[in-house]
Every structure is written in structure tokens, then in C-alpha cells.
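The file query20.txt comes next; it holds compact mmCIF, N, CA and C atoms.
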```
# COMPACT_ATOMS: atom_id res chain seq x y z
N MET A 1 -7.79 20.46 59.13
CA MET A 1 -7.41 19.98 57.81
C MET A 1 -7.71 21.06 56.78
N GLY A 2 -6.77 21.37 55.91
CA GLY A 2 -6.94 22.41 54.91
C GLY A 2 -7.85 21.98 53.77
N GLN A 3 -8.47 22.96 53.16
CA GLN A 3 -9.35 22.68 52.03
C GLN A 3 -8.59 22.84 50.73
N ILE A 4 -9.02 22.09 49.73
CA ILE A 4 -8.42 22.17 48.40
C ILE A 4 -9.26 23.09 47.56
N SER A 5 -8.62 24.05 46.91
CA SER A 5 -9.34 24.96 46.01
C SER A 5 -9.56 24.25 44.68
N MET A 6 -10.82 24.09 44.30
CA MET A 6 -11.15 23.38 43.06
C MET A 6 -10.86 24.23 41.82
N ASP A 7 -10.48 25.49 42.01
CA ASP A 7 -10.16 26.36 40.88
C ASP A 7 -8.93 25.87 40.11
N ASN A 8 -8.08 25.11 40.77
CA ASN A 8 -6.84 24.64 40.14
C ASN A 8 -6.96 23.25 39.56
N PHE A 9 -8.18 22.70 39.56
CA PHE A 9 -8.40 21.33 39.10
C PHE A 9 -9.41 21.28 37.96
N VAL A 10 -9.31 20.23 37.15
CA VAL A 10 -10.28 19.95 36.09
C VAL A 10 -10.67 18.48 36.19
N GLU A 11 -11.75 18.12 35.50
CA GLU A 11 -12.20 16.73 35.50
C GLU A 11 -11.47 15.92 34.44
N ALA A 12 -11.60 14.61 34.54
CA ALA A 12 -10.93 13.69 33.61
C ALA A 12 -11.33 13.96 32.16
N GLU A 13 -12.58 14.33 31.93
CA GLU A 13 -13.05 14.58 30.56
C GLU A 13 -12.27 15.70 29.89
N GLU A 14 -11.99 16.77 30.62
CA GLU A 14 -11.24 17.89 30.05
C GLU A 14 -9.79 17.50 29.75
N ILE A 15 -9.18 16.74 30.66
CA ILE A 15 -7.80 16.27 30.43
C ILE A 15 -7.75 15.33 29.23
N ALA A 16 -8.77 14.46 29.11
CA ALA A 16 -8.82 13.52 27.99
C ALA A 16 -8.82 14.27 26.65
N LYS A 17 -9.60 15.31 26.57
CA LYS A 17 -9.65 16.12 25.33
C LYS A 17 -8.31 16.81 25.08
N LEU A 18 -7.74 17.36 26.14
CA LEU A 18 -6.47 18.08 26.04
C LEU A 18 -5.34 17.17 25.58
N TRP A 19 -5.29 15.95 26.14
CA TRP A 19 -4.21 15.01 25.84
C TRP A 19 -4.55 14.08 24.67
N ASN A 20 -5.76 14.18 24.13
CA ASN A 20 -6.20 13.36 23.00
C ASN A 20 -6.16 11.86 23.33
N ILE A 21 -6.69 11.52 24.52
CA ILE A 21 -6.83 10.12 24.93
C ILE A 21 -8.24 9.95 25.48
N SER A 22 -8.64 8.72 25.75
CA SER A 22 -9.99 8.46 26.25
C SER A 22 -10.10 8.83 27.73
N ILE A 23 -11.34 9.09 28.14
CA ILE A 23 -11.60 9.38 29.56
C ILE A 23 -11.19 8.18 30.40
N ARG A 24 -11.47 6.98 29.90
CA ARG A 24 -11.12 5.76 30.63
C ARG A 24 -9.61 5.66 30.85
N GLN A 25 -8.83 6.05 29.86
CA GLN A 25 -7.37 6.02 30.00
C GLN A 25 -6.91 7.02 31.06
N VAL A 26 -7.53 8.19 31.11
CA VAL A 26 -7.20 9.19 32.14
C VAL A 26 -7.52 8.61 33.52
N GLN A 27 -8.69 7.96 33.65
CA GLN A 27 -9.07 7.36 34.92
C GLN A 27 -8.07 6.28 35.34
N TYR A 28 -7.64 5.48 34.38
CA TYR A 28 -6.66 4.42 34.64
C TYR A 28 -5.35 5.03 35.15
N LEU A 29 -4.89 6.09 34.48
CA LEU A 29 -3.64 6.74 34.88
C LEU A 29 -3.75 7.31 36.29
N CYS A 30 -4.91 7.90 36.60
CA CYS A 30 -5.14 8.43 37.95
C CYS A 30 -5.12 7.32 38.98
N LYS A 31 -5.87 6.26 38.71
CA LYS A 31 -5.99 5.14 39.65
C LYS A 31 -4.63 4.54 39.98
N HIS A 32 -3.75 4.49 39.00
CA HIS A 32 -2.44 3.86 39.19
C HIS A 32 -1.34 4.86 39.56
N GLY A 33 -1.76 6.08 39.97
CA GLY A 33 -0.81 7.05 40.48
C GLY A 33 0.11 7.65 39.43
N ARG A 34 -0.28 7.61 38.17
CA ARG A 34 0.58 8.12 37.09
C ARG A 34 0.42 9.62 36.85
N ILE A 35 -0.67 10.22 37.39
CA ILE A 35 -0.88 11.66 37.25
C ILE A 35 -0.72 12.29 38.62
N GLU A 36 0.36 13.04 38.77
CA GLU A 36 0.69 13.63 40.06
C GLU A 36 -0.35 14.66 40.48
N GLY A 37 -0.82 14.55 41.71
CA GLY A 37 -1.76 15.51 42.27
C GLY A 37 -3.22 15.19 42.03
N ALA A 38 -3.52 14.11 41.29
CA ALA A 38 -4.91 13.73 41.03
C ALA A 38 -5.56 13.25 42.32
N VAL A 39 -6.81 13.68 42.54
CA VAL A 39 -7.54 13.34 43.76
C VAL A 39 -8.92 12.83 43.35
N LYS A 40 -9.37 11.76 44.01
CA LYS A 40 -10.68 11.20 43.69
C LYS A 40 -11.72 11.69 44.69
N PHE A 41 -12.84 12.21 44.14
CA PHE A 41 -13.98 12.65 44.93
C PHE A 41 -15.17 11.83 44.50
N GLY A 42 -15.50 10.79 45.25
CA GLY A 42 -16.58 9.89 44.84
C GLY A 42 -16.19 9.20 43.55
N PRO A 43 -17.03 9.30 42.51
CA PRO A 43 -16.70 8.65 41.24
C PRO A 43 -15.85 9.52 40.30
N LEU A 44 -15.59 10.77 40.69
CA LEU A 44 -14.89 11.71 39.81
C LEU A 44 -13.44 11.93 40.23
N TRP A 45 -12.59 12.15 39.24
CA TRP A 45 -11.20 12.50 39.50
C TRP A 45 -11.01 13.99 39.29
N ALA A 46 -10.34 14.65 40.22
CA ALA A 46 -9.95 16.05 40.10
C ALA A 46 -8.46 16.06 39.79
N ILE A 47 -8.12 16.65 38.65
CA ILE A 47 -6.74 16.61 38.16
C ILE A 47 -6.21 18.04 38.08
N PRO A 48 -5.01 18.30 38.59
CA PRO A 48 -4.47 19.66 38.51
C PRO A 48 -4.42 20.15 37.06
N LYS A 49 -4.76 21.42 36.86
CA LYS A 49 -4.77 22.00 35.51
C LYS A 49 -3.40 21.91 34.85
N ASP A 50 -2.34 22.01 35.65
CA ASP A 50 -0.99 22.00 35.10
C ASP A 50 -0.35 20.61 35.07
N ALA A 51 -1.16 19.55 35.22
CA ALA A 51 -0.63 18.18 35.23
C ALA A 51 0.02 17.85 33.89
N LYS A 52 1.09 17.12 33.94
CA LYS A 52 1.81 16.69 32.74
C LYS A 52 1.35 15.30 32.34
N LYS A 53 1.22 15.08 31.04
CA LYS A 53 0.83 13.75 30.54
C LYS A 53 1.99 12.79 30.80
N PRO A 54 1.72 11.68 31.49
CA PRO A 54 2.81 10.73 31.77
C PRO A 54 3.30 10.06 30.49
N THR A 55 4.57 9.73 30.48
CA THR A 55 5.14 9.05 29.33
C THR A 55 5.07 7.54 29.56
N ARG A 56 5.12 6.80 28.49
CA ARG A 56 5.10 5.35 28.60
C ARG A 56 6.39 4.87 29.23
N THR A 57 6.28 3.82 30.02
CA THR A 57 7.47 3.29 30.69
C THR A 57 8.20 2.29 29.82
N GLY A 58 7.49 1.67 28.89
CA GLY A 58 8.12 0.69 28.01
C GLY A 58 8.31 -0.66 28.68
N LYS A 59 7.75 -0.83 29.87
CA LYS A 59 7.89 -2.09 30.59
C LYS A 59 6.81 -3.06 30.13
N LEU A 60 7.15 -4.34 30.14
CA LEU A 60 6.18 -5.38 29.82
C LEU A 60 5.78 -6.10 31.10
N LYS A 61 4.56 -6.59 31.12
CA LYS A 61 4.12 -7.40 32.24
C LYS A 61 4.94 -8.68 32.27
N PRO A 62 5.14 -9.26 33.44
CA PRO A 62 5.89 -10.52 33.53
C PRO A 62 5.29 -11.60 32.63
N GLY A 63 6.15 -12.29 31.92
CA GLY A 63 5.69 -13.38 31.05
C GLY A 63 5.31 -12.93 29.65
N ARG A 64 5.37 -11.63 29.36
CA ARG A 64 5.01 -11.12 28.04
C ARG A 64 6.26 -10.96 27.19
N ARG A 65 6.11 -11.17 25.90
CA ARG A 65 7.22 -10.98 24.97
C ARG A 65 6.95 -9.73 24.14
N PRO A 66 8.00 -9.05 23.71
CA PRO A 66 7.77 -7.88 22.85
C PRO A 66 7.21 -8.30 21.50
N LYS A 67 6.40 -7.41 20.90
CA LYS A 67 5.85 -7.70 19.58
C LYS A 67 6.97 -7.64 18.55
N THR A 68 6.81 -8.45 17.50
CA THR A 68 7.78 -8.44 16.41
C THR A 68 7.09 -7.95 15.15
N ASN A 69 7.86 -7.58 14.16
CA ASN A 69 7.30 -7.09 12.91
C ASN A 69 7.18 -8.20 11.87
N GLY A 70 7.33 -9.40 12.27
CA GLY A 70 7.27 -10.52 11.33
C GLY A 70 6.28 -11.54 11.76
N GLY A 71 6.48 -12.74 11.28
CA GLY A 71 5.58 -13.82 11.63
C GLY A 71 5.08 -14.52 10.39
N GLU A 72 4.46 -15.63 10.59
CA GLU A 72 4.05 -16.43 9.43
C GLU A 72 3.01 -15.72 8.57
N PHE A 73 2.22 -14.84 9.13
CA PHE A 73 1.21 -14.16 8.34
C PHE A 73 1.68 -12.84 7.79
N ASN A 74 2.82 -12.36 8.23
CA ASN A 74 3.32 -11.07 7.80
C ASN A 74 4.61 -11.15 7.00
N GLU A 75 4.93 -12.34 6.49
CA GLU A 75 6.18 -12.49 5.75
C GLU A 75 6.14 -11.68 4.48
N GLN A 76 7.26 -11.05 4.16
CA GLN A 76 7.36 -10.25 2.93
C GLN A 76 8.26 -10.99 1.95
N GLU A 77 7.86 -10.98 0.70
CA GLU A 77 8.66 -11.67 -0.31
C GLU A 77 9.60 -10.73 -1.00
```
Using the file provided, produce a representation of the structure as C-alpha cells.
Amino acid sequence: MGQISMDNFVEAEEIAKLWNISIRQVQYLCKHGRIEGAVKFGPLWAIPKDAKKPTRTGKLKPGRRPKTNGGEFNEQE
């Protein structure tokens, strides 16, 4: 089995700073396969240095409705 060179990887904390998101969000994206090439070593995620920030899919969970800009508390006169 071949070894992975860690020179091409960074930790979730560095990616979080680079992408301006929380470390927890980076971990979530890794866990759900949204960051290509991310590998978990114990509690840490190793993410390729050249990984691209995933875009939002715009999908809603089943049973959810899209948010609206109105409502009884937001009515404009």
C-alpha cells in the first residue's frame, strides 16, 4: 500500500482561515464528502492544499419550505 505525502495536505484549521468559515464547517464538509481528497487521521482531517471550496447546492431537506422575505412580523407599510 502506498504512502501519502503529508506535504500536499493541510489541517482543517488552515482551510477554515483560507475560506473564511469555521473549523466545524470544514469538518462537516469533509465528513459529508464535499471536499475532494480529504482524509481523516484519527480526530484530524488532512485536506489537499489545492482543494476547492464547495459551492452550496441550494437543496432543502425534505419537508422544509424556502424562507420568504415577508410575514406578519416583517410587513412593510
From the DSSP assignment of the backbone, select every residue of chain A that is alpha helix (DSSP H), and format the answer as number ranges by chain.
A: 12-19, 23-31
Just the selected residues (N, CA and C atoms), exported as an mmCIF file, keeping the file's coordinate frame, please.
```
data_model
loop_
_atom_site.group_PDB
_atom_site.id
_atom_site.type_symbol
_atom_site.label_atom_id
_atom_site.label_comp_id
_atom_site.auth_asym_id
_atom_site.auth_seq_id
_atom_site.Cartn_x
_atom_site.Cartn_y
_atom_site.Cartn_z
ATOM 1 N N ALA A 12 -11.600 14.610 34.540
ATOM 2 C CA ALA A 12 -10.930 13.690 33.610
ATOM 3 C C ALA A 12 -11.330 13.960 32.160
ATOM 4 N N GLU A 13 -12.580 14.330 31.930
ATOM 5 C CA GLU A 13 -13.050 14.580 30.560
ATOM 6 C C GLU A 13 -12.270 15.700 29.890
ATOM 7 N N GLU A 14 -11.990 16.770 30.620
ATOM 8 C CA GLU A 14 -11.240 17.890 30.050
ATOM 9 C C GLU A 14 -9.790 17.500 29.750
ATOM 10 N N ILE A 15 -9.180 16.740 30.660
ATOM 11 C CA ILE A 15 -7.800 16.270 30.430
ATOM 12 C C ILE A 15 -7.750 15.330 29.230
ATOM 13 N N ALA A 16 -8.770 14.460 29.110
ATOM 14 C CA ALA A 16 -8.820 13.520 27.990
ATOM 15 C C ALA A 16 -8.820 14.270 26.650
ATOM 16 N N LYS A 17 -9.600 15.310 26.570
ATOM 17 C CA LYS A 17 -9.650 16.120 25.330
ATOM 18 C C LYS A 17 -8.310 16.810 25.080
ATOM 19 N N LEU A 18 -7.740 17.360 26.140
ATOM 20 C CA LEU A 18 -6.470 18.080 26.040
ATOM 21 C C LEU A 18 -5.340 17.170 25.580
ATOM 22 N N TRP A 19 -5.290 15.950 26.140
ATOM 23 C CA TRP A 19 -4.210 15.010 25.840
ATOM 24 C C TRP A 19 -4.550 14.080 24.670
ATOM 25 N N ILE A 23 -11.340 9.090 28.140
ATOM 26 C CA ILE A 23 -11.600 9.380 29.560
ATOM 27 C C ILE A 23 -11.190 8.180 30.400
ATOM 28 N N ARG A 24 -11.470 6.980 29.900
ATOM 29 C CA ARG A 24 -11.120 5.760 30.630
ATOM 30 C C ARG A 24 -9.610 5.660 30.850
ATOM 31 N N GLN A 25 -8.830 6.050 29.860
ATOM 32 C CA GLN A 25 -7.370 6.020 30.000
ATOM 33 C C GLN A 25 -6.910 7.020 31.060
ATOM 34 N N VAL A 26 -7.530 8.190 31.110
ATOM 35 C CA VAL A 26 -7.200 9.190 32.140
ATOM 36 C C VAL A 26 -7.520 8.610 33.520
ATOM 37 N N GLN A 27 -8.690 7.960 33.650
ATOM 38 C CA GLN A 27 -9.070 7.360 34.920
ATOM 39 C C GLN A 27 -8.070 6.280 35.340
ATOM 40 N N TYR A 28 -7.640 5.480 34.380
ATOM 41 C CA TYR A 28 -6.660 4.420 34.640
ATOM 42 C C TYR A 28 -5.350 5.030 35.150
ATOM 43 N N LEU A 29 -4.890 6.090 34.480
ATOM 44 C CA LEU A 29 -3.640 6.740 34.880
ATOM 45 C C LEU A 29 -3.750 7.310 36.290
ATOM 46 N N CYS A 30 -4.910 7.900 36.600
ATOM 47 C CA CYS A 30 -5.140 8.430 37.950
ATOM 48 C C CYS A 30 -5.120 7.320 38.980
ATOM 49 N N LYS A 31 -5.870 6.260 38.710
ATOM 50 C CA LYS A 31 -5.990 5.140 39.650
ATOM 51 C C LYS A 31 -4.630 4.540 39.980
#
```
Have a look at A:Lys61, A:Thr68, A:Lys52, A:Glu14 and name the one nearest to Arg34 (chain A); count all atoms listed in the file.
A:Lys52
State, in Å with one decimal place, the distance from atom N of Arg65 (chain A) to atom N of Ile23 (chain A).
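The value is 26.8 Å.
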Which residues are close to Trp45 (chain A), i.e. within 8 Å by only N, CA and C atoms, leaving aside same-chain residues fewer than 2 positions away? Reply as a list in words.
Phe9, Val10, Glu11, Ala12, Glu13, Gln27, Cys30, Ala38, Val39, Lys40, Phe41, Gly42, Pro43, Ile47 and Pro48 of chain A
Closest of A:Pro54, A:Lys67, A:Leu18, A:Asn8 to His32 (chain A) - atom-to-atom distances counting only C-alpha atoms:
A:Pro54
Go ahead and compute the interatomic distance for atom N of Asp7 (chain A) and CA of Arg24 (chain A), in Å to one decimal.
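Here the two named atoms are 22.8 Å from each other.
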Could you give me the axis-aligned bounding box of region 34-52 of chain A, with 5 Å of padding per side, as centre plus edge lengths in Å to one decimal, as AutoDock Vina command-line options?
```
--center_x -7.6 --center_y 14.8 --center_z 38.8 --size_x 28.8 --size_y 24.4 --size_z 22.9
```
Run DSSP on the backbone of this structure and report the residues of chain A it assigns to strand (DSSP E or B), as number ranges by chain.
A: 9-11, 39-41, 44-48
